[in-house]
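Accompanying notes for the structure given below.
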Amino acid sequence: MSLFPADIEETARRIVSDFTQRKLMIATAESCTGGLIAGALTEIAGSSAVVDRGFVTYTNAAKSDLLGVQSGTLAQFGAVSRDTALQMVNGALYRSRASVAVAVTGIAGPGGGSAEKPVGLVHIAAKSCNGEPLHREMRYGDIGRTEIRLATIRTALEMLIEAAQGA
């Protein structure tokens with residue numbers, strides 16, 4: 001029995017299989033998912049061949065300390081922003097042995113949202129060492145904390161696959 005829904009487990013299984021064959025390593029940088037993307041990948045037997053490390057950077061200080069997100073970026077754009085997600089993914093690549101990384105930062109709720117940044121807003125970035133960064137601004141809506149986090153995992157895994165095409 002898996003901790004994750006069948007579709008997430010199947011996508012993670014495909015990633016582990018494909019990345020193992022291609023000798024690609026993964027790093028994750030997670031805020032609102034709290035390590036669940038790395039958890040979905042490591043749920044799969046053999047994932048140690050592809051998962052290098054995961055950074056759970058829930059606070060702004062952790063984003064800066066562990067990933068090198070600039071304090072000016074956090075002050076100007078906030079933790080939940082395109083700029084922060086892109087700096088998180090770059091930091092994950094730079095501070096790991098990974099060839100592909102994914103980063104997520106968002107508002108899973110139930111509180112913490114605003115008119116400008118509502119509950120369900122998540123910024124996701126993915127990048128390979130050789131590729132251009134990918135970014136998606138997802139507005140899942142106020143569908144509940146668990147559903148927002150699961151939707152974020154699904155999108156992040158898809159973006160890992162997409163980013164790996166350039167690896």
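Ligands are numbered from 1 in the order shown, residues from 1 within each chain, and chains are lettered A, B, ... in the order they appear in the structure tokens.
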Residue contacts of segment 16-28 of chain A (7 Å, only C-alpha atoms) excluding same-chain residues fewer than 6 positions away, as an mmCIF file with C-alpha atoms, in the first residue's frame:
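Written out: part_32.cif:
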```
data_model
loop_
_atom_site.group_PDB
_atom_site.id
_atom_site.type_symbol
_atom_site.label_atom_id
_atom_site.label_comp_id
_atom_site.auth_asym_id
_atom_site.auth_seq_id
_atom_site.Cartn_x
_atom_site.Cartn_y
_atom_site.Cartn_z
ATOM 1 C CA ALA A 38 10.723 13.709 -2.381
ATOM 2 C CA SER A 47 14.735 5.526 -5.948
ATOM 3 C CA ALA A 49 19.597 5.630 -7.757
ATOM 4 C CA VAL A 50 17.959 8.943 -8.707
ATOM 5 C CA VAL A 51 17.030 10.969 -5.609
ATOM 6 C CA ASP A 52 20.066 12.919 -4.430
ATOM 7 C CA ARG A 53 18.435 15.124 -1.798
ATOM 8 C CA GLY A 54 15.435 17.181 -0.827
ATOM 9 C CA PHE A 55 15.394 20.611 0.772
ATOM 10 C CA ALA A 92 18.767 23.120 -5.371
ATOM 11 C CA LEU A 93 20.839 22.368 -8.463
ATOM 12 C CA SER A 96 23.352 19.177 -4.788
ATOM 13 C CA ALA A 98 21.457 16.549 -9.088
ATOM 14 C CA SER A 99 21.144 17.009 -12.824
ATOM 15 C CA VAL A 100 17.446 17.955 -12.568
ATOM 16 C CA ALA A 101 15.595 19.821 -9.820
ATOM 17 C CA VAL A 102 12.110 21.005 -8.989
ATOM 18 C CA ALA A 103 11.026 23.723 -6.543
#
```
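Every residue of segment 71-138 of chain A found in strand (DSSP E or B) when DSSP is run on the backbone appears here: Val100, Ala101, Val102, Ala103, Val104, Thr105, Gly106, Leu121, Val122, His123, Ile124, Ala125, Ala126, Lys127, Ser128, Leu134, His135, Arg136, Glu137 and Met138 of chain A.
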Store the residues picked out above in a file with N, CA and C atoms, as a PDB file, in the first residue's frame.
```pdb
ATOM      1  N   VAL A 100      18.770  17.379 -12.371  1.00  0.00           N
ATOM      2  CA  VAL A 100      17.446  17.955 -12.568  1.00  0.00           C
ATOM      3  C   VAL A 100      16.871  18.287 -11.195  1.00  0.00           C
ATOM      4  N   ALA A 101      16.200  19.438 -11.101  1.00  0.00           N
ATOM      5  CA  ALA A 101      15.595  19.821  -9.820  1.00  0.00           C
ATOM      6  C   ALA A 101      14.219  20.417 -10.052  1.00  0.00           C
ATOM      7  N   VAL A 102      13.428  20.381  -8.984  1.00  0.00           N
ATOM      8  CA  VAL A 102      12.110  21.005  -8.989  1.00  0.00           C
ATOM      9  C   VAL A 102      11.950  21.764  -7.683  1.00  0.00           C
ATOM     10  N   ALA A 103      11.257  22.906  -7.734  1.00  0.00           N
ATOM     11  CA  ALA A 103      11.026  23.723  -6.543  1.00  0.00           C
ATOM     12  C   ALA A 103       9.578  24.169  -6.510  1.00  0.00           C
ATOM     13  N   VAL A 104       8.999  24.185  -5.314  1.00  0.00           N
ATOM     14  CA  VAL A 104       7.608  24.626  -5.150  1.00  0.00           C
ATOM     15  C   VAL A 104       7.493  25.563  -3.956  1.00  0.00           C
ATOM     16  N   THR A 105       6.676  26.590  -4.132  1.00  0.00           N
ATOM     17  CA  THR A 105       6.359  27.506  -3.047  1.00  0.00           C
ATOM     18  C   THR A 105       4.941  28.017  -3.266  1.00  0.00           C
ATOM     19  N   GLY A 106       4.119  27.931  -2.237  1.00  0.00           N
ATOM     20  CA  GLY A 106       2.728  28.311  -2.429  1.00  0.00           C
ATOM     21  C   GLY A 106       1.965  28.453  -1.138  1.00  0.00           C
ATOM     22  N   LEU A 121      -2.631  29.255  -4.659  1.00  0.00           N
ATOM     23  CA  LEU A 121      -1.604  29.772  -5.563  1.00  0.00           C
ATOM     24  C   LEU A 121      -0.288  29.056  -5.269  1.00  0.00           C
ATOM     25  N   VAL A 122       0.300  28.450  -6.286  1.00  0.00           N
ATOM     26  CA  VAL A 122       1.578  27.762  -6.128  1.00  0.00           C
ATOM     27  C   VAL A 122       2.451  28.084  -7.332  1.00  0.00           C
ATOM     28  N   HIS A 123       3.700  28.447  -7.056  1.00  0.00           N
ATOM     29  CA  HIS A 123       4.694  28.651  -8.104  1.00  0.00           C
ATOM     30  C   HIS A 123       5.615  27.438  -8.105  1.00  0.00           C
ATOM     31  N   ILE A 124       5.784  26.851  -9.296  1.00  0.00           N
ATOM     32  CA  ILE A 124       6.605  25.655  -9.450  1.00  0.00           C
ATOM     33  C   ILE A 124       7.654  25.933 -10.516  1.00  0.00           C
ATOM     34  N   ALA A 125       8.893  25.591 -10.214  1.00  0.00           N
ATOM     35  CA  ALA A 125       9.991  25.744 -11.172  1.00  0.00           C
ATOM     36  C   ALA A 125      10.727  24.423 -11.283  1.00  0.00           C
ATOM     37  N   ALA A 126      11.191  24.126 -12.482  1.00  0.00           N
ATOM     38  CA  ALA A 126      12.010  22.936 -12.714  1.00  0.00           C
ATOM     39  C   ALA A 126      13.119  23.308 -13.678  1.00  0.00           C
ATOM     40  N   LYS A 127      14.243  22.613 -13.554  1.00  0.00           N
ATOM     41  CA  LYS A 127      15.381  22.948 -14.397  1.00  0.00           C
ATOM     42  C   LYS A 127      16.349  21.775 -14.409  1.00  0.00           C
ATOM     43  N   SER A 128      16.969  21.572 -15.565  1.00  0.00           N
ATOM     44  CA  SER A 128      18.102  20.651 -15.632  1.00  0.00           C
ATOM     45  C   SER A 128      19.363  21.505 -15.664  1.00  0.00           C
ATOM     46  N   LEU A 134      11.991  26.126 -16.259  1.00  0.00           N
ATOM     47  CA  LEU A 134      10.554  26.073 -16.520  1.00  0.00           C
ATOM     48  C   LEU A 134       9.855  26.678 -15.316  1.00  0.00           C
ATOM     49  N   HIS A 135       8.734  27.346 -15.547  1.00  0.00           N
ATOM     50  CA  HIS A 135       7.958  27.906 -14.442  1.00  0.00           C
ATOM     51  C   HIS A 135       6.482  27.777 -14.763  1.00  0.00           C
ATOM     52  N   ARG A 136       5.719  27.431 -13.751  1.00  0.00           N
ATOM     53  CA  ARG A 136       4.260  27.449 -13.878  1.00  0.00           C
ATOM     54  C   ARG A 136       3.672  28.116 -12.643  1.00  0.00           C
ATOM     55  N   GLU A 137       2.762  29.016 -12.878  1.00  0.00           N
ATOM     56  CA  GLU A 137       1.967  29.607 -11.802  1.00  0.00           C
ATOM     57  C   GLU A 137       0.635  28.865 -11.801  1.00  0.00           C
ATOM     58  N   MET A 138       0.404  28.103 -10.746  1.00  0.00           N
ATOM     59  CA  MET A 138      -0.809  27.306 -10.651  1.00  0.00           C
ATOM     60  C   MET A 138      -1.773  27.979  -9.682  1.00  0.00           C
TER      61      MET A 138
END
```
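Nearest to Leu36 of chain A of all the residues A:Arg154, A:Gly166, A:Leu66, A:Gly72 is A:Arg154, based on only C-alpha atoms.
Around Gln165 of chain A, within 9 Å and counting only C-alpha atoms, the residues found are Ser128, Gly131, Leu160, Ile161 and Glu162 of chain A, once anything fewer than 3 positions away on its own chain is removed.
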Keeping only C-alpha atoms, take the residues you just selected and write them out as a PDB file, in the first residue's frame.
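Ended up saving to result14.pdb:
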```pdb
ATOM      1  CA  SER A 128      18.102  20.651 -15.632  1.00  0.00           C
ATOM      2  CA  GLY A 131      18.332  23.467 -19.759  1.00  0.00           C
ATOM      3  CA  LEU A 160      10.560  17.056 -13.628  1.00  0.00           C
ATOM      4  CA  ILE A 161       9.855  14.887 -16.670  1.00  0.00           C
ATOM      5  CA  GLU A 162       9.700  17.964 -18.903  1.00  0.00           C
TER       6      GLU A 162
END
```
Contacts of Gly112 of chain A at 12 Å (only C-alpha atoms; same-chain gap of 6+ positions) as a ChimeraX atom specification: /A:32,80,106,118-121,142,145
Just-selected residues, C-alpha atoms written as a short mmCIF file (atom, residue, chain, number, x, y, z; two decimals), in the first residue's frame:
```
data_model
loop_
_atom_site.label_atom_id
_atom_site.label_comp_id
_atom_site.auth_asym_id
_atom_site.auth_seq_id
_atom_site.Cartn_x
_atom_site.Cartn_y
_atom_site.Cartn_z
CA CYS A 32 4.18 24.17 0.80
CA VAL A 80 5.22 32.79 -3.03
CA GLY A 106 2.73 28.31 -2.43
CA PRO A 118 -5.06 33.49 -2.73
CA VAL A 119 -5.10 30.07 -1.13
CA GLY A 120 -4.23 27.58 -3.86
CA LEU A 121 -1.60 29.77 -5.56
CA ASP A 142 -9.32 26.84 -2.31
CA ARG A 145 -4.92 21.82 1.99
#
```
Given only C-alpha atoms as the counted atoms, nearest of A:Lys117, A:Ala164, A:Gly91, A:Thr57 to Phe77 of chain A: A:Lys117
Residue list (alpha helix (DSSP H), DSSP) for chain A, as a PyMOL selection string: chain A and resi 6-22+36-42+60-67+71-77+82-94+145-164
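Nearest residue to Thr152 of chain A among A:Thr84, A:Ala108, A:Arg95, A:Ala61 is A:Ala108, counting only C-alpha atoms.
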Atom pair atom CA of Asp83 of chain A / atom CA of Gly113 of chain A: separation (Å): 18.5 Å
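Picture a line from atom CA of Gly34 of chain A to atom CA of Val56 of chain A; it runs 5.7 Å.
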Might you pull out every residue within 8 Å of Val69 of chain A, with only C-alpha atoms counted and same-chain residues fewer than 3 positions away left off, and present them as a compact mmCIF listing (two decimals) with C-alpha atoms, in the first residue's frame?
```txt
# COMPACT_ATOMS: atom_id res chain seq x y z
CA LYS A 63 15.06 29.45 1.66
CA SER A 64 17.98 31.86 2.03
CA ASP A 65 20.24 29.67 4.19
CA THR A 73 13.81 38.78 -3.76
CA LEU A 74 11.82 37.71 -0.73
CA THR A 84 11.53 32.89 -5.46
CA GLN A 87 15.96 30.99 -7.22
CA MET A 88 14.93 27.91 -5.21
CA GLY A 91 19.86 26.76 -5.46
```
